[in-house]
Amino acid sequence: MKAFYGLPDTRLIEKNDGLFLLVLYSLIINQTLAIRFKKLDNTLKAGNIPTQQAEMFDDQFPLPEVPPKATYANAGYTINGIGTDVDGVYITCPNGPNDFYWIIPLDEGAAVQPVELLPTLPPAPISPLRRVRVRGEKDLERTIGDESTT
């Protein structure tokens, strides 16, 4: 948000449900692009819980608070197979849940900044585990007694 705040022809939209959009306006071509930032899977689809809002975004349906006729796009990254490094950076324009109007790879010739890892704390000592025994039916009868004798 800090990187885009105050730039000309931009608007930041942050909703309480977690949606954050960068809206870019171009008066030259009379086009608006609304970009959300997401982690992408290996098929370049955004990792979403399939909410109505996420489906509307993928289907290019107008969202409240977003200018009409905006094109929705995902700016995101993929990670390698073992989850240790960024594999690619892309801007994708979804066309429904399983297709795209276009895909722009950003990592070809572009410098991708490495992720700066936070320092880790030494592991906390682990307290010894207590052994828990599950009671069986016979143990339960001995504890509460036979109901016919009460």
# chains A, B, ... in the order shown; residues from 1 in each chain; ligands from 1
$ residues_around --residues "Ile13 (chain A)" --least-positions-apart "2" --cutoff "12 Å" --atoms "only C-alpha atoms" --output "mmCIF file with N, CA and C atoms, in the first residue's frame"
data_model
loop_
_atom_site.group_PDB
_atom_site.id
_atom_site.type_symbol
_atom_site.label_atom_id
_atom_site.label_comp_id
_atom_site.auth_asym_id
_atom_site.auth_seq_id
_atom_site.Cartn_x
_atom_site.Cartn_y
_atom_site.Cartn_z
ATOM 1 N N MET A 1 0.826 -1.187 0.000
ATOM 2 C CA MET A 1 0.000 0.000 0.000
ATOM 3 C C MET A 1 0.872 1.252 0.000
ATOM 4 N N PHE A 4 2.193 2.397 -3.472
ATOM 5 C CA PHE A 4 1.270 2.969 -4.441
ATOM 6 C C PHE A 4 0.510 4.176 -3.920
ATOM 7 N N TYR A 5 0.622 4.472 -2.627
ATOM 8 C CA TYR A 5 -0.138 5.574 -2.048
ATOM 9 C C TYR A 5 0.269 6.905 -2.669
ATOM 10 N N THR A 10 -4.278 6.559 -9.555
ATOM 11 C CA THR A 10 -4.419 5.309 -8.804
ATOM 12 C C THR A 10 -5.387 5.521 -7.655
ATOM 13 N N ARG A 11 -5.956 4.436 -7.212
ATOM 14 C CA ARG A 11 -6.826 4.446 -6.037
ATOM 15 C C ARG A 11 -6.626 3.127 -5.316
ATOM 16 N N LYS A 15 -11.074 -3.445 1.769
ATOM 17 C CA LYS A 15 -12.354 -3.763 2.378
ATOM 18 C C LYS A 15 -12.138 -4.563 3.655
ATOM 19 N N ASN A 16 -13.126 -4.549 4.521
ATOM 20 C CA ASN A 16 -13.032 -5.252 5.796
ATOM 21 C C ASN A 16 -12.890 -6.757 5.644
ATOM 22 N N ASP A 17 -13.335 -7.311 4.511
ATOM 23 C CA ASP A 17 -13.252 -8.759 4.312
ATOM 24 C C ASP A 17 -11.885 -9.206 3.800
ATOM 25 N N GLY A 18 -10.919 -8.295 3.759
ATOM 26 C CA GLY A 18 -9.561 -8.668 3.372
ATOM 27 C C GLY A 18 -9.202 -8.342 1.935
ATOM 28 N N LEU A 19 -10.169 -7.933 1.119
ATOM 29 C CA LEU A 19 -9.860 -7.607 -0.269
ATOM 30 C C LEU A 19 -9.097 -6.286 -0.321
ATOM 31 N N PHE A 20 -7.984 -6.307 -1.007
ATOM 32 C CA PHE A 20 -7.188 -5.106 -1.247
ATOM 33 C C PHE A 20 -6.991 -4.991 -2.745
ATOM 34 N N LEU A 21 -7.378 -3.872 -3.309
ATOM 35 C CA LEU A 21 -7.252 -3.646 -4.752
ATOM 36 C C LEU A 21 -6.471 -2.378 -5.017
ATOM 37 N N LEU A 22 -5.636 -2.455 -6.027
ATOM 38 C CA LEU A 22 -4.975 -1.285 -6.583
ATOM 39 C C LEU A 22 -5.701 -0.994 -7.885
ATOM 40 N N VAL A 23 -6.308 0.172 -7.977
ATOM 41 C CA VAL A 23 -7.065 0.539 -9.177
ATOM 42 C C VAL A 23 -6.251 1.557 -9.949
ATOM 43 N N LEU A 24 -5.947 1.240 -11.205
ATOM 44 C CA LEU A 24 -5.178 2.106 -12.093
ATOM 45 C C LEU A 24 -6.093 2.629 -13.184
ATOM 46 N N ALA A 34 -8.173 -3.096 -12.124
ATOM 47 C CA ALA A 34 -8.223 -3.338 -10.673
ATOM 48 C C ALA A 34 -7.403 -4.592 -10.398
ATOM 49 N N ILE A 35 -6.334 -4.441 -9.616
ATOM 50 C CA ILE A 35 -5.403 -5.536 -9.372
ATOM 51 C C ILE A 35 -5.461 -5.946 -7.910
ATOM 52 N N ARG A 36 -5.588 -7.245 -7.683
ATOM 53 C CA ARG A 36 -5.443 -7.764 -6.325
ATOM 54 C C ARG A 36 -4.156 -8.582 -6.284
ATOM 55 N N LEU A 63 -17.791 -5.223 -9.113
ATOM 56 C CA LEU A 63 -17.784 -5.308 -7.659
ATOM 57 C C LEU A 63 -18.155 -3.949 -7.079
ATOM 58 N N PRO A 64 -18.837 -3.939 -5.933
ATOM 59 C CA PRO A 64 -19.150 -2.660 -5.294
ATOM 60 C C PRO A 64 -17.863 -1.899 -4.985
ATOM 61 N N GLU A 65 -17.907 -0.604 -5.053
ATOM 62 C CA GLU A 65 -16.801 0.306 -4.747
ATOM 63 C C GLU A 65 -15.721 0.355 -5.831
ATOM 64 N N VAL A 66 -15.821 -0.491 -6.851
ATOM 65 C CA VAL A 66 -14.848 -0.493 -7.941
ATOM 66 C C VAL A 66 -15.492 0.214 -9.130
ATOM 67 N N PRO A 67 -14.746 1.056 -9.839
ATOM 68 C CA PRO A 67 -15.327 1.748 -10.987
ATOM 69 C C PRO A 67 -15.934 0.771 -12.002
#
$ atom_distance --atom1 "CA of Trp102 (chain A)" --atom2 "CA of Ile79 (chain A)"
20.3 Å
$ closest_residue --among "A:Gly6, A:Pro68, A:Gly88, A:Gly81" --to "Leu40 (chain A)" --atoms "only C-alpha atoms"
A:Gly88
$ atom_distance --atom1 "CA of Leu33 (chain A)" --atom2 "CA of Tyr101 (chain A)"
13.5 Å
$ closest_residue --among "A:Asn95, A:Thr78, A:Asn48, A:Gln31" --to "Asp107 (chain A)" --atoms "only C-alpha atoms"
A:Thr78
$ residues_around --residues "Asp59 (chain A)" --least-positions-apart "2" --cutoff "9 Å" --atoms "only C-alpha atoms" --output "PyMOL selection string"
chain A and resi 54-57+61+72+94-97
$ write_last_selection --atoms "C-alpha atoms" --output "CSV table (one decimal), in the first residue's frame"
chain,number,residue,atom,x,y,z
A,54,ALA,CA,-13.9,-14.2,-5.6
A,55,GLU,CA,-16.2,-15.7,-8.3
A,56,MET,CA,-17.4,-12.3,-9.4
A,57,PHE,CA,-13.8,-11.2,-9.6
A,61,PHE,CA,-18.5,-9.0,-12.9
A,72,TYR,CA,-9.8,-7.4,-12.9
A,94,PRO,CA,-9.0,-14.4,-15.2
A,95,ASN,CA,-11.8,-15.4,-17.5
A,96,GLY,CA,-14.0,-17.5,-15.2
A,97,PRO,CA,-12.6,-20.1,-12.8
